[in-house]
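Coordinates as given in upload.txt (compact mmCIF, C-alpha atoms):
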```
# COMPACT_ATOMS: atom_id res chain seq x y z
CA MET Z 2 155.49 42.08 85.46
CA ALA Z 3 156.03 45.79 86.04
CA THR Z 4 158.74 45.81 83.39
CA ILE Z 5 156.61 44.85 80.36
CA LYS Z 6 157.48 47.14 77.44
CA ALA Z 7 155.72 45.31 74.62
CA PHE Z 8 152.59 43.21 74.17
CA VAL Z 9 153.61 40.77 71.48
CA PHE Z 10 150.81 38.74 69.90
CA ASP Z 11 151.06 35.58 67.89
CA ALA Z 12 148.83 35.89 64.78
CA TYR Z 13 147.34 32.60 63.58
CA GLY Z 14 145.03 31.03 66.12
CA THR Z 15 145.58 33.91 68.55
CA LEU Z 16 144.35 37.02 66.71
CA PHE Z 17 143.07 35.38 63.54
CA ASN Z 18 140.95 32.27 63.30
CA VAL Z 19 142.65 29.95 60.80
CA HIS Z 20 139.43 27.99 60.53
CA SER Z 21 137.71 30.94 58.86
CA VAL Z 22 138.62 29.00 55.71
CA ILE Z 23 136.03 26.30 56.47
CA GLU Z 24 133.28 28.19 54.67
CA LEU Z 25 135.09 28.30 51.33
CA CYS Z 26 136.43 24.75 51.85
CA ASN Z 27 132.84 23.60 52.25
CA ARG Z 28 131.70 25.47 49.15
CA LEU Z 29 134.46 23.85 47.07
CA PHE Z 30 134.27 20.42 48.74
CA PRO Z 31 130.80 20.07 50.27
CA GLY Z 32 130.72 18.41 53.67
CA GLN Z 33 134.51 18.16 53.95
CA GLY Z 34 135.39 21.70 54.94
CA GLU Z 35 136.02 21.03 58.60
CA GLU Z 36 138.25 18.00 58.07
CA LEU Z 37 140.14 19.74 55.26
CA SER Z 38 140.74 22.79 57.43
CA GLU Z 39 141.94 20.63 60.35
CA ILE Z 40 144.45 18.68 58.26
CA TRP Z 41 145.54 21.82 56.41
CA ARG Z 42 146.36 23.57 59.68
CA SER Z 43 148.05 20.64 61.40
CA LYS Z 44 150.25 19.91 58.37
CA GLN Z 45 151.08 23.60 58.02
CA LEU Z 46 152.51 23.54 61.54
CA GLU Z 47 154.29 20.21 61.03
CA TYR Z 48 155.95 21.54 57.89
CA THR Z 49 157.23 24.64 59.69
CA TRP Z 50 158.87 22.37 62.29
CA LEU Z 51 160.19 19.79 59.84
CA ARG Z 52 161.57 22.33 57.37
CA SER Z 53 163.25 24.23 60.21
CA LEU Z 54 164.88 21.03 61.44
CA MET Z 55 165.90 20.00 57.94
CA GLY Z 56 167.42 23.42 57.32
CA ARG Z 57 165.04 23.85 54.37
CA TYR Z 58 163.21 27.05 55.21
CA VAL Z 59 160.69 28.40 52.73
CA HIS Z 60 158.33 31.27 53.53
CA PHE Z 61 155.00 30.65 55.24
CA GLY Z 62 152.91 31.20 52.12
CA LYS Z 63 154.70 28.30 50.43
CA VAL Z 64 154.42 26.07 53.52
CA THR Z 65 150.71 26.87 53.71
CA GLU Z 66 150.22 25.99 50.04
CA ASP Z 67 152.17 22.72 50.45
CA ALA Z 68 150.01 21.78 53.43
CA LEU Z 69 146.87 22.48 51.42
CA VAL Z 70 148.12 20.26 48.60
CA PHE Z 71 148.88 17.47 51.10
CA ALA Z 72 145.46 17.78 52.76
CA CYS Z 73 143.63 17.52 49.44
CA LYS Z 74 145.70 14.53 48.29
CA HIS Z 75 145.13 12.86 51.66
CA LEU Z 76 141.35 13.35 51.40
CA GLU Z 77 141.41 12.47 47.68
CA LEU Z 78 140.02 15.85 46.68
CA THR Z 79 140.93 17.27 43.28
CA LEU Z 80 142.46 20.69 43.79
CA ASP Z 81 142.86 22.64 40.57
CA GLU Z 82 144.96 25.80 40.26
CA SER Z 83 142.04 28.19 40.55
CA MET Z 84 140.72 26.45 43.67
CA LYS Z 85 144.19 26.59 45.19
CA GLU Z 86 144.47 30.29 44.45
CA ARG Z 87 141.04 30.99 45.94
CA LEU Z 88 141.83 29.04 49.11
CA MET Z 89 145.20 30.74 49.48
CA GLU Z 90 143.52 34.14 49.06
CA GLU Z 91 141.33 33.21 52.04
CA TYR Z 92 144.45 33.34 54.20
CA LYS Z 93 144.49 37.08 53.63
CA LYS Z 94 140.88 37.33 54.82
CA LEU Z 95 140.98 35.26 58.00
CA ARG Z 96 138.64 36.80 60.55
CA THR Z 97 139.75 37.85 64.01
CA PHE Z 98 138.31 36.24 67.10
CA PRO Z 99 135.43 38.43 68.32
CA GLU Z 100 137.17 40.35 71.10
CA VAL Z 101 140.40 41.10 69.24
CA PRO Z 102 139.66 44.58 67.78
CA GLU Z 103 138.29 45.89 71.09
CA VAL Z 104 141.19 44.54 73.14
CA LEU Z 105 143.77 46.02 70.77
CA LYS Z 106 142.01 49.40 71.00
CA LEU Z 107 141.89 49.24 74.80
CA LEU Z 108 145.65 48.62 74.81
CA ASN Z 109 146.13 51.94 72.98
CA GLY Z 110 149.21 53.67 74.42
CA LYS Z 111 151.02 50.37 74.95
CA LYS Z 112 153.31 48.86 72.37
CA ARG Z 113 151.16 46.35 70.45
CA VAL Z 114 153.11 44.06 68.15
CA ILE Z 115 152.42 40.98 66.04
CA PHE Z 116 155.13 38.35 65.88
CA SER Z 117 154.22 35.54 63.56
CA ASN Z 118 155.40 32.65 61.44
CA GLY Z 119 153.54 34.43 58.65
CA SER Z 120 155.49 36.00 55.84
CA PRO Z 121 154.71 39.67 55.12
CA ASP Z 122 152.94 38.81 51.83
CA ILE Z 123 150.07 37.14 53.66
CA LEU Z 124 150.34 38.74 57.10
CA LYS Z 125 150.04 42.42 56.20
CA PRO Z 126 146.91 41.89 54.06
CA VAL Z 127 145.05 40.08 56.85
CA VAL Z 128 145.82 42.87 59.33
CA HIS Z 129 144.55 45.42 56.81
CA PHE Z 130 141.49 43.31 55.88
CA ASN Z 131 140.42 43.35 59.54
CA GLY Z 132 140.93 47.12 59.87
CA LEU Z 133 143.69 46.73 62.45
CA ASP Z 134 146.41 48.88 60.87
CA ASP Z 135 145.95 51.67 63.42
CA HIS Z 136 145.92 49.30 66.38
CA ILE Z 137 149.11 47.38 65.66
CA ASP Z 138 152.39 49.24 66.06
CA ASP Z 139 154.66 46.67 64.44
CA ILE Z 140 154.39 43.47 62.42
CA LEU Z 141 157.34 41.16 62.95
CA THR Z 142 157.97 37.86 61.24
CA VAL Z 143 160.24 34.84 61.58
CA ASP Z 144 160.97 35.41 57.91
CA ASP Z 145 163.76 37.71 59.10
CA ALA Z 146 165.40 34.73 60.86
CA LYS Z 147 164.55 32.14 58.18
CA VAL Z 148 163.59 29.62 60.82
CA TYR Z 149 160.20 28.96 62.42
CA LYS Z 150 159.02 28.98 66.01
CA PRO Z 151 159.87 27.52 68.49
CA ASP Z 152 163.54 27.79 67.43
CA PRO Z 153 165.07 30.42 69.75
CA LYS Z 154 166.56 32.19 66.72
CA SER Z 155 163.02 33.01 65.61
CA TYR Z 156 162.02 34.69 68.88
CA THR Z 157 165.26 36.67 68.77
CA VAL Z 158 163.72 38.75 65.95
CA VAL Z 159 161.48 40.39 68.58
CA LEU Z 160 164.46 41.50 70.67
CA GLU Z 161 166.37 42.84 67.69
CA LYS Z 162 163.50 44.72 66.13
CA LEU Z 163 162.02 46.19 69.31
CA HIS Z 164 165.28 46.75 71.19
CA VAL Z 165 163.89 45.15 74.32
CA LYS Z 166 165.06 42.41 76.66
CA ARG Z 167 163.36 39.03 76.93
CA GLU Z 168 161.83 39.81 80.31
CA GLU Z 169 160.33 43.04 78.96
CA VAL Z 170 158.11 41.12 76.55
CA LEU Z 171 154.68 39.73 77.28
CA PHE Z 172 154.13 37.17 74.55
CA ILE Z 173 150.54 36.14 73.98
CA SER Z 174 149.71 32.95 72.07
CA SER Z 175 146.91 30.44 71.96
CA ASN Z 176 149.21 27.76 70.53
CA PRO Z 177 150.44 25.58 73.40
CA TRP Z 178 153.74 24.71 71.68
CA ASP Z 179 154.34 28.40 70.91
CA ALA Z 180 153.60 29.41 74.51
CA ALA Z 181 156.06 26.72 75.64
CA GLY Z 182 158.69 27.80 73.12
CA ALA Z 183 158.41 31.46 74.08
CA LYS Z 184 158.60 30.61 77.77
CA SER Z 185 161.67 28.47 77.15
CA PHE Z 186 163.19 31.46 75.34
CA GLY Z 187 162.64 33.71 78.33
CA PHE Z 188 159.58 35.83 77.51
CA HIS Z 189 156.75 36.35 79.95
CA VAL Z 190 153.96 34.30 78.44
CA ALA Z 191 150.20 34.42 78.47
CA TRP Z 192 148.57 31.33 77.02
CA VAL Z 193 145.15 32.00 75.53
CA ASN Z 194 143.22 28.81 76.07
CA ARG Z 195 140.04 29.51 74.12
CA ASN Z 196 138.61 26.03 73.73
CA ASN Z 197 139.67 24.09 76.79
CA LYS Z 198 142.77 22.77 75.06
CA THR Z 199 145.40 20.68 76.84
CA MET Z 200 148.77 22.28 77.52
CA ASP Z 201 151.67 20.47 75.90
CA GLU Z 202 154.00 18.40 78.10
CA LEU Z 203 157.20 20.25 77.23
CA ASN Z 204 158.26 21.13 80.76
CA GLN Z 205 157.39 24.81 80.23
CA SER Z 206 154.49 26.55 81.95
CA PRO Z 207 153.01 29.86 80.80
CA ASP Z 208 152.98 32.62 83.43
CA ILE Z 209 149.28 33.13 83.06
CA ILE Z 210 146.40 31.38 81.36
CA VAL Z 211 143.47 33.38 80.01
CA SER Z 212 140.35 32.20 78.25
CA ASP Z 213 140.40 35.03 75.72
CA LEU Z 214 142.27 38.27 75.06
CA TYR Z 215 140.22 40.24 77.60
CA GLY Z 216 142.30 38.39 80.18
CA VAL Z 217 145.40 40.20 78.96
CA LEU Z 218 143.88 43.54 80.00
CA GLN Z 219 143.97 42.43 83.65
CA ILE Z 220 147.74 42.20 83.64
CA MET S 22 172.60 1.83 43.73
CA ALA S 23 175.56 -0.48 43.23
CA THR S 24 177.44 1.29 46.01
CA ILE S 25 175.11 0.49 48.93
CA LYS S 26 177.18 -0.63 51.91
CA ALA S 27 174.52 -0.56 54.63
CA PHE S 28 170.80 -1.20 54.90
CA VAL S 29 169.73 1.22 57.61
CA PHE S 30 166.24 0.73 59.01
CA ASP S 31 164.15 3.16 60.98
CA ALA S 32 162.62 1.36 63.99
CA TYR S 33 159.22 2.70 65.07
CA GLY S 34 156.58 2.30 62.40
CA THR S 35 159.07 0.64 60.05
CA LEU S 36 160.23 -2.52 61.88
CA PHE S 37 158.03 -2.26 64.97
CA ASN S 38 154.34 -1.46 65.05
CA VAL S 39 153.87 1.35 67.57
CA HIS S 40 150.18 0.55 67.66
CA SER S 41 150.89 -2.80 69.31
CA VAL S 42 150.07 -0.83 72.46
CA ILE S 43 146.37 -0.64 71.52
CA GLU S 44 145.60 -3.95 73.24
CA LEU S 45 146.83 -2.83 76.66
CA CYS S 46 145.40 0.67 76.15
CA ASN S 47 142.01 -0.94 75.57
CA ARG S 48 142.33 -3.14 78.64
CA LEU S 49 143.13 -0.11 80.80
CA PHE S 50 140.71 2.28 79.07
CA PRO S 51 138.03 0.17 77.38
CA GLY S 52 137.00 1.41 73.95
CA GLN S 53 139.56 4.19 73.84
CA GLY S 54 142.67 2.24 72.94
CA GLU S 55 142.84 3.23 69.32
CA GLU S 56 142.35 6.95 69.89
CA LEU S 57 144.78 6.93 72.82
CA SER S 58 147.41 5.18 70.73
CA GLU S 59 146.93 7.63 67.83
CA ILE S 60 147.32 10.72 69.99
CA TRP S 61 150.19 9.16 71.94
CA ARG S 62 152.13 8.51 68.75
CA SER S 63 151.42 11.85 67.07
CA LYS S 64 152.37 13.82 70.19
CA GLN S 65 155.49 11.71 70.63
CA LEU S 66 156.64 12.80 67.18
CA GLU S 67 155.62 16.43 67.72
CA TYR S 68 157.60 16.56 70.93
CA THR S 69 160.74 15.21 69.25
CA TRP S 70 160.49 18.03 66.70
CA LEU S 71 159.56 20.76 69.16
CA ARG S 72 162.19 19.84 71.72
CA SER S 73 164.84 19.66 69.01
CA LEU S 74 163.88 23.13 67.78
CA MET S 75 163.76 24.52 71.32
CA GLY S 76 167.19 23.06 72.06
CA ARG S 77 165.62 21.06 74.91
CA TYR S 78 166.54 17.48 74.04
CA VAL S 79 165.51 14.74 76.43
CA HIS S 80 165.81 11.04 75.58
CA PHE S 81 163.05 9.23 73.71
CA GLY S 82 161.77 7.34 76.74
CA LYS S 83 161.00 10.65 78.44
CA VAL S 84 159.40 12.12 75.32
CA THR S 85 157.28 8.99 74.98
CA GLU S 86 156.15 9.23 78.60
CA ASP S 87 155.33 12.95 78.23
CA ALA S 88 153.27 12.20 75.13
CA LEU S 89 151.37 9.49 77.01
CA VAL S 90 150.62 11.92 79.83
CA PHE S 91 149.36 14.50 77.33
CA ALA S 92 147.19 11.97 75.52
CA CYS S 93 145.52 10.85 78.74
CA LYS S 94 144.92 14.42 79.93
CA HIS S 95 143.50 15.29 76.52
CA LEU S 96 141.11 12.33 76.61
CA GLU S 97 140.37 12.94 80.31
CA LEU S 98 141.64 9.51 81.31
CA THR S 99 143.12 9.05 84.77
CA LEU S 100 146.58 7.62 84.40
CA ASP S 101 148.08 6.43 87.67
CA GLU S 102 151.76 5.58 88.13
CA SER S 103 151.30 1.83 87.75
CA MET S 104 149.29 2.25 84.53
CA LYS S 105 151.97 4.56 83.19
CA GLU S 106 154.66 2.04 84.00
CA ARG S 107 152.76 -0.80 82.36
CA LEU S 108 152.13 1.23 79.21
CA MET S 109 155.76 2.32 79.02
CA GLU S 110 156.84 -1.31 79.42
CA GLU S 111 154.77 -2.09 76.32
CA TYR S 112 157.21 0.00 74.32
CA LYS S 113 159.78 -2.70 74.93
CA LYS S 114 157.39 -5.32 73.59
CA LEU S 115 156.18 -3.72 70.38
CA ARG S 116 155.66 -6.39 67.76
CA THR S 117 157.35 -6.33 64.37
CA PHE S 118 155.33 -6.08 61.20
CA PRO S 119 154.79 -9.64 59.89
CA GLU S 120 157.50 -9.78 57.21
CA VAL S 121 160.28 -8.14 59.24
CA PRO S 122 162.06 -11.20 60.74
CA GLU S 123 162.13 -13.03 57.39
CA VAL S 124 163.39 -10.02 55.44
CA LEU S 125 166.17 -9.37 57.94
CA LYS S 126 167.23 -13.03 57.70
CA LEU S 127 167.20 -12.93 53.89
CA LEU S 128 169.49 -9.89 54.05
CA ASN S 129 172.05 -11.99 55.94
CA GLY S 130 175.53 -11.14 54.67
CA LYS S 131 174.61 -7.47 54.17
CA LYS S 132 175.12 -4.84 56.82
CA ARG S 133 171.75 -4.54 58.61
CA VAL S 134 171.47 -1.58 60.95
CA ILE S 135 168.77 0.15 62.98
CA PHE S 136 168.92 3.93 63.21
CA SER S 137 166.23 5.30 65.45
CA ASN S 138 164.99 8.17 67.57
CA GLY S 139 164.76 5.55 70.30
CA SER S 140 167.13 5.67 73.22
CA PRO S 141 169.05 2.46 73.98
CA ASP S 142 167.02 1.82 77.18
CA ILE S 143 163.87 1.09 75.18
CA LEU S 144 165.32 0.17 71.79
CA LYS S 145 167.60 -2.72 72.73
CA PRO S 146 164.86 -4.54 74.71
CA VAL S 147 162.40 -4.44 71.81
CA VAL S 148 164.99 -5.89 69.41
CA HIS S 149 165.69 -8.66 71.92
CA PHE S 150 161.99 -9.24 72.67
CA ASN S 151 161.42 -9.95 68.97
CA GLY S 152 164.39 -12.33 68.72
CA LEU S 153 166.23 -10.09 66.27
CA ASP S 154 169.63 -9.80 68.01
CA ASP S 155 171.31 -12.10 65.49
CA HIS S 156 169.80 -10.34 62.49
CA ILE S 157 170.75 -6.78 63.32
CA ASP S 158 174.42 -5.86 63.10
CA ASP S 159 174.22 -2.46 64.78
CA ILE S 160 171.74 -0.38 66.73
CA LEU S 161 172.33 3.35 66.30
CA THR S 162 170.43 6.14 67.97
CA VAL S 163 170.01 9.91 67.68
CA ASP S 164 170.77 9.93 71.41
CA ASP S 165 174.43 10.21 70.38
CA ALA S 166 173.66 13.52 68.64
CA LYS S 167 171.14 14.76 71.21
CA VAL S 168 168.82 15.98 68.50
CA TYR S 169 165.98 14.16 66.73
CA LYS S 170 165.31 13.39 63.10
CA PRO S 171 165.02 15.09 60.64
CA ASP S 172 167.82 17.39 61.86
CA PRO S 173 170.84 16.58 59.64
CA LYS S 174 173.00 16.27 62.78
CA SER S 175 170.95 13.22 63.75
CA TYR S 176 171.54 11.36 60.46
CA THR S 177 175.23 12.16 60.76
CA VAL S 178 175.43 9.54 63.54
CA VAL S 179 175.04 6.86 60.84
CA LEU S 180 178.07 8.13 58.91
CA GLU S 181 180.23 8.42 61.99
CA LYS S 182 179.36 5.05 63.47
CA LEU S 183 179.45 3.02 60.25
CA HIS S 184 182.29 4.89 58.51
CA VAL S 185 180.32 5.15 55.31
CA LYS S 186 179.40 7.99 52.96
CA ARG S 187 175.86 9.28 52.57
CA GLU S 188 175.43 7.74 49.14
CA GLU S 189 176.51 4.33 50.46
CA VAL S 190 173.47 4.15 52.73
CA LEU S 191 170.06 2.83 51.83
CA PHE S 192 167.77 4.25 54.49
CA ILE S 193 164.44 2.53 54.89
CA SER S 194 161.57 4.23 56.69
CA SER S 195 157.80 4.13 56.65
CA ASN S 196 157.55 7.62 58.13
CA PRO S 197 157.07 10.11 55.27
CA TRP S 198 158.78 12.98 57.11
CA ASP S 199 161.73 10.69 57.97
CA ALA S 200 162.04 9.52 54.37
CA ALA S 201 162.03 13.19 53.31
CA GLY S 202 164.57 14.16 55.97
CA ALA S 203 166.93 11.32 55.05
CA LYS S 204 166.65 12.14 51.35
CA SER S 205 167.37 15.79 52.08
CA PHE S 206 170.45 14.64 54.01
CA GLY S 207 171.74 12.69 51.03
CA PHE S 208 170.94 9.02 51.74
CA HIS S 209 169.36 6.76 49.19
CA VAL S 210 165.86 6.29 50.54
CA ALA S 211 163.21 3.61 50.35
CA TRP S 212 159.84 4.72 51.67
CA VAL S 213 157.76 1.84 53.02
CA ASN S 214 154.18 2.85 52.34
CA ARG S 215 152.26 0.12 54.17
CA ASN S 216 148.81 1.66 54.41
CA ASN S 217 148.41 3.85 51.36
CA LYS S 218 149.65 6.90 53.20
CA THR S 219 150.21 10.26 51.51
CA MET S 220 153.78 11.43 51.01
CA ASP S 221 154.56 14.71 52.73
CA GLU S 222 154.95 17.85 50.60
CA LEU S 223 158.49 18.68 51.65
CA ASN S 224 160.03 18.85 48.18
CA GLN S 225 161.90 15.56 48.74
CA SER S 226 161.06 12.34 46.93
CA PRO S 227 162.21 8.90 48.06
CA ASP S 228 164.22 6.94 45.49
CA ILE S 229 161.87 4.01 45.70
CA ILE S 230 158.50 3.26 47.24
CA VAL S 231 157.69 -0.23 48.48
CA SER S 232 154.52 -1.54 50.09
CA ASP S 233 156.39 -3.64 52.68
CA LEU S 234 159.95 -4.68 53.45
CA TYR S 235 159.94 -7.50 50.86
CA GLY S 236 160.29 -4.68 48.36
CA VAL S 237 163.71 -3.87 49.75
CA LEU S 238 164.97 -7.33 48.69
CA GLN S 239 164.46 -6.40 45.03
CA ILE S 240 167.02 -3.63 45.25
```

Spell out the structure here as structure tokens.
Amino acid sequence: MATIKAFVFDAYGTLFNVHSVIELCNRLFPGQGEELSEIWRSKQLEYTWLRSLMGRYVHFGKVTEDALVFACKHLELTLDESMKERLMEEYKKLRTFPEVPEVLKLLNGKKRVIFSNGSPDILKPVVHFNGLDDHIDDILTVDDAKVYKPDPKSYTVVLEKLHVKREEVLFISSNPWDAAGAKSFGFHVAWVNRNNKTMDELNQSPDIIVSDLYGVLQI
Amino acid sequence: MATIKAFVFDAYGTLFNVHSVIELCNRLFPGQGEELSEIWRSKQLEYTWLRSLMGRYVHFGKVTEDALVFACKHLELTLDESMKERLMEEYKKLRTFPEVPEVLKLLNGKKRVIFSNGSPDILKPVVHFNGLDDHIDDILTVDDAKVYKPDPKSYTVVLEKLHVKREEVLFISSNPWDAAGAKSFGFHVAWVNRNNKTMDELNQSPDIIVSDLYGVLQI
């Protein structure tokens, strides 16, 4: 991998812990925070795939809100407008996984980029909230392609914005389906397997598997 | 809906109960049948969406097998070749929901069609196994489009094979995302909500909601 010109990080689940929302979920709906967060996240992903397939793209903030509404209906929780707003605001305050700030600093001098499903309205605030502005060189989003990962058109945004070739990118994601999609596209891929997850059976294998972002420093 | 020329039924979850496999799952992996079946089904769907987005279509039998392999790895169950074969054979022996044979008979004289993600190798046997050959006029599959629902190109197979217009189709599915996808495509849609499920938040509403297929007879 001598040719790597950019370290491109997925955001949600890779840099930022989407389950940071559990705390507020639990305050609003005592005892149901974990389940609410799980359903919220899994539906959020489903809706990115389904809307992409249907040709009905809407930005990630809207998908995230729709998934929250579904999750509350499914669990029979009453979600009023102010609760919805508060929970959506949490998406701008997701916390990084512990090692993230240090690893990004240690990669100083390399091109460090975020490439995410997230729309700029929620992605830029969470980078700023975590004090990472100086340690991220570029924030790229599928919103420029109007289709979500793992559609190849989404990953193409990285090539167009960074003026690099596929094989010059090391794409780093903890989401198995995203690692598979990026590998299928032609990136070098590091899969961050934080919690002993199972790789998806999509006939695509990441180039390397690391247990957290420190592993990326070895490359 | 005076113009309906074809009653087009989704197969898995709508006519056939995918969780018929629980019995054999439990015999092979005592006590884990229900969880195995749940993960198997949810991954099967995910993989249809992900592979469609990635442009990596493989037929439904393969997707179903891949999802089974994932589910067993995830649950740390050892799946040998003979167990895999036996479980895959079960997909040709899924049982209908109780009212299905009677409703199909009562619709005699109307055009009764299956349109499914299923590839012919597993779909035709399950229709035959349940004695439905005489009560289904056509079996259509996304395999002719090489992309899965809810991509509009998949639903187009129905128009091309039946020589009908979108608004002449009543599409009947119990899968919320499929009901949404078909509605987005332009079919009339009946959503069969058997188990008090929650409709997906995809900005598409079915024309009618019925609790089982008897409801379709009222139309």

For chain S versus chain Z, which residues have an atom no more than 8 Å away, and what is each residue's nearest atom pair and distance in Å rounded to one decimal, using only C-alpha atoms, chain-then-number order, as CSV?
```
residue,atom,partner,partner_atom,distance
S:Glu67,CA,Z:Glu47,CA,7.8
S:Tyr68,CA,Z:Leu203,CA,7.3
S:Trp70,CA,Z:Trp50,CA,6.4
S:Leu71,CA,Z:Pro151,CA,6.8
S:Arg72,CA,Z:Leu203,CA,7.4
S:Ser73,CA,Z:Leu54,CA,7.7
S:Leu74,CA,Z:Asp152,CA,4.7
S:Met75,CA,Z:Asp152,CA,5.1
S:Gly76,CA,Z:Asp152,CA,7.6
S:Asp87,CA,Z:Glu202,CA,5.6
S:Ala88,CA,Z:Glu202,CA,6.9
S:Val90,CA,Z:Glu202,CA,7.5
S:Phe91,CA,Z:Glu202,CA,6.1
S:Lys94,CA,Z:Thr199,CA,7.0
S:His95,CA,Z:Thr199,CA,5.7
S:Lys170,CA,Z:Leu54,CA,7.8
S:Pro171,CA,Z:Met55,CA,5.7
S:Asp172,CA,Z:Leu54,CA,4.7
S:Pro173,CA,Z:Met55,CA,6.2
S:Trp198,CA,Z:Leu51,CA,7.5
S:Gly202,CA,Z:Met55,CA,6.3
S:Ser205,CA,Z:Met55,CA,7.4
S:Lys218,CA,Z:His75,CA,7.6
S:Thr219,CA,Z:His75,CA,5.7
S:Met220,CA,Z:Phe71,CA,7.8
S:Asp221,CA,Z:Phe71,CA,6.5
S:Glu222,CA,Z:Asp67,CA,5.6
S:Leu223,CA,Z:Tyr48,CA,7.3
```

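The coordinates place atom CA of Ser41 of chain S at 19.0 Å from atom CA of Ser103 of chain S.
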
message: Using Å and a single decimal, report how far atom CA of Ile173 of chain Z sits from atom CA of Leu25 of chain Z.
response: 28.5 Å

task: Measure the distance from atom CA of Glu91 of chain Z to atom CA of Asp144 of chain Z in Å and round it to one decimal.
output: 20.6 Å

Residues within 12 Å of segment 147-159 of chain S, please, as a compact mmCIF listing (two decimals) with C-alpha atoms, in the coordinates of the input. Count only C-alpha atoms; anything in the same chain fewer than 2 positions from it doesn't count.
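selection_19.txt was written with the following content:
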```txt
# COMPACT_ATOMS: atom_id res chain seq x y z
CA ALA S 27 174.52 -0.56 54.63
CA PHE S 28 170.80 -1.20 54.90
CA VAL S 29 169.73 1.22 57.61
CA PHE S 30 166.24 0.73 59.01
CA ALA S 32 162.62 1.36 63.99
CA TYR S 33 159.22 2.70 65.07
CA LEU S 36 160.23 -2.52 61.88
CA PHE S 37 158.03 -2.26 64.97
CA ASN S 38 154.34 -1.46 65.05
CA VAL S 39 153.87 1.35 67.57
CA SER S 41 150.89 -2.80 69.31
CA MET S 109 155.76 2.32 79.02
CA GLU S 110 156.84 -1.31 79.42
CA GLU S 111 154.77 -2.09 76.32
CA TYR S 112 157.21 0.00 74.32
CA LYS S 113 159.78 -2.70 74.93
CA LYS S 114 157.39 -5.32 73.59
CA LEU S 115 156.18 -3.72 70.38
CA ARG S 116 155.66 -6.39 67.76
CA THR S 117 157.35 -6.33 64.37
CA PHE S 118 155.33 -6.08 61.20
CA PRO S 119 154.79 -9.64 59.89
CA VAL S 121 160.28 -8.14 59.24
CA PRO S 122 162.06 -11.20 60.74
CA GLU S 123 162.13 -13.03 57.39
CA VAL S 124 163.39 -10.02 55.44
CA LEU S 125 166.17 -9.37 57.94
CA LYS S 126 167.23 -13.03 57.70
CA LEU S 127 167.20 -12.93 53.89
CA LEU S 128 169.49 -9.89 54.05
CA ASN S 129 172.05 -11.99 55.94
CA GLY S 130 175.53 -11.14 54.67
CA LYS S 131 174.61 -7.47 54.17
CA LYS S 132 175.12 -4.84 56.82
CA ARG S 133 171.75 -4.54 58.61
CA VAL S 134 171.47 -1.58 60.95
CA ILE S 135 168.77 0.15 62.98
CA PHE S 136 168.92 3.93 63.21
CA SER S 137 166.23 5.30 65.45
CA GLY S 139 164.76 5.55 70.30
CA SER S 140 167.13 5.67 73.22
CA PRO S 141 169.05 2.46 73.98
CA ASP S 142 167.02 1.82 77.18
CA ILE S 143 163.87 1.09 75.18
CA LEU S 144 165.32 0.17 71.79
CA LYS S 145 167.60 -2.72 72.73
CA LEU S 161 172.33 3.35 66.30
CA THR S 162 170.43 6.14 67.97
CA VAL S 179 175.04 6.86 60.84
CA LYS S 182 179.36 5.05 63.47
CA LEU S 183 179.45 3.02 60.25
```
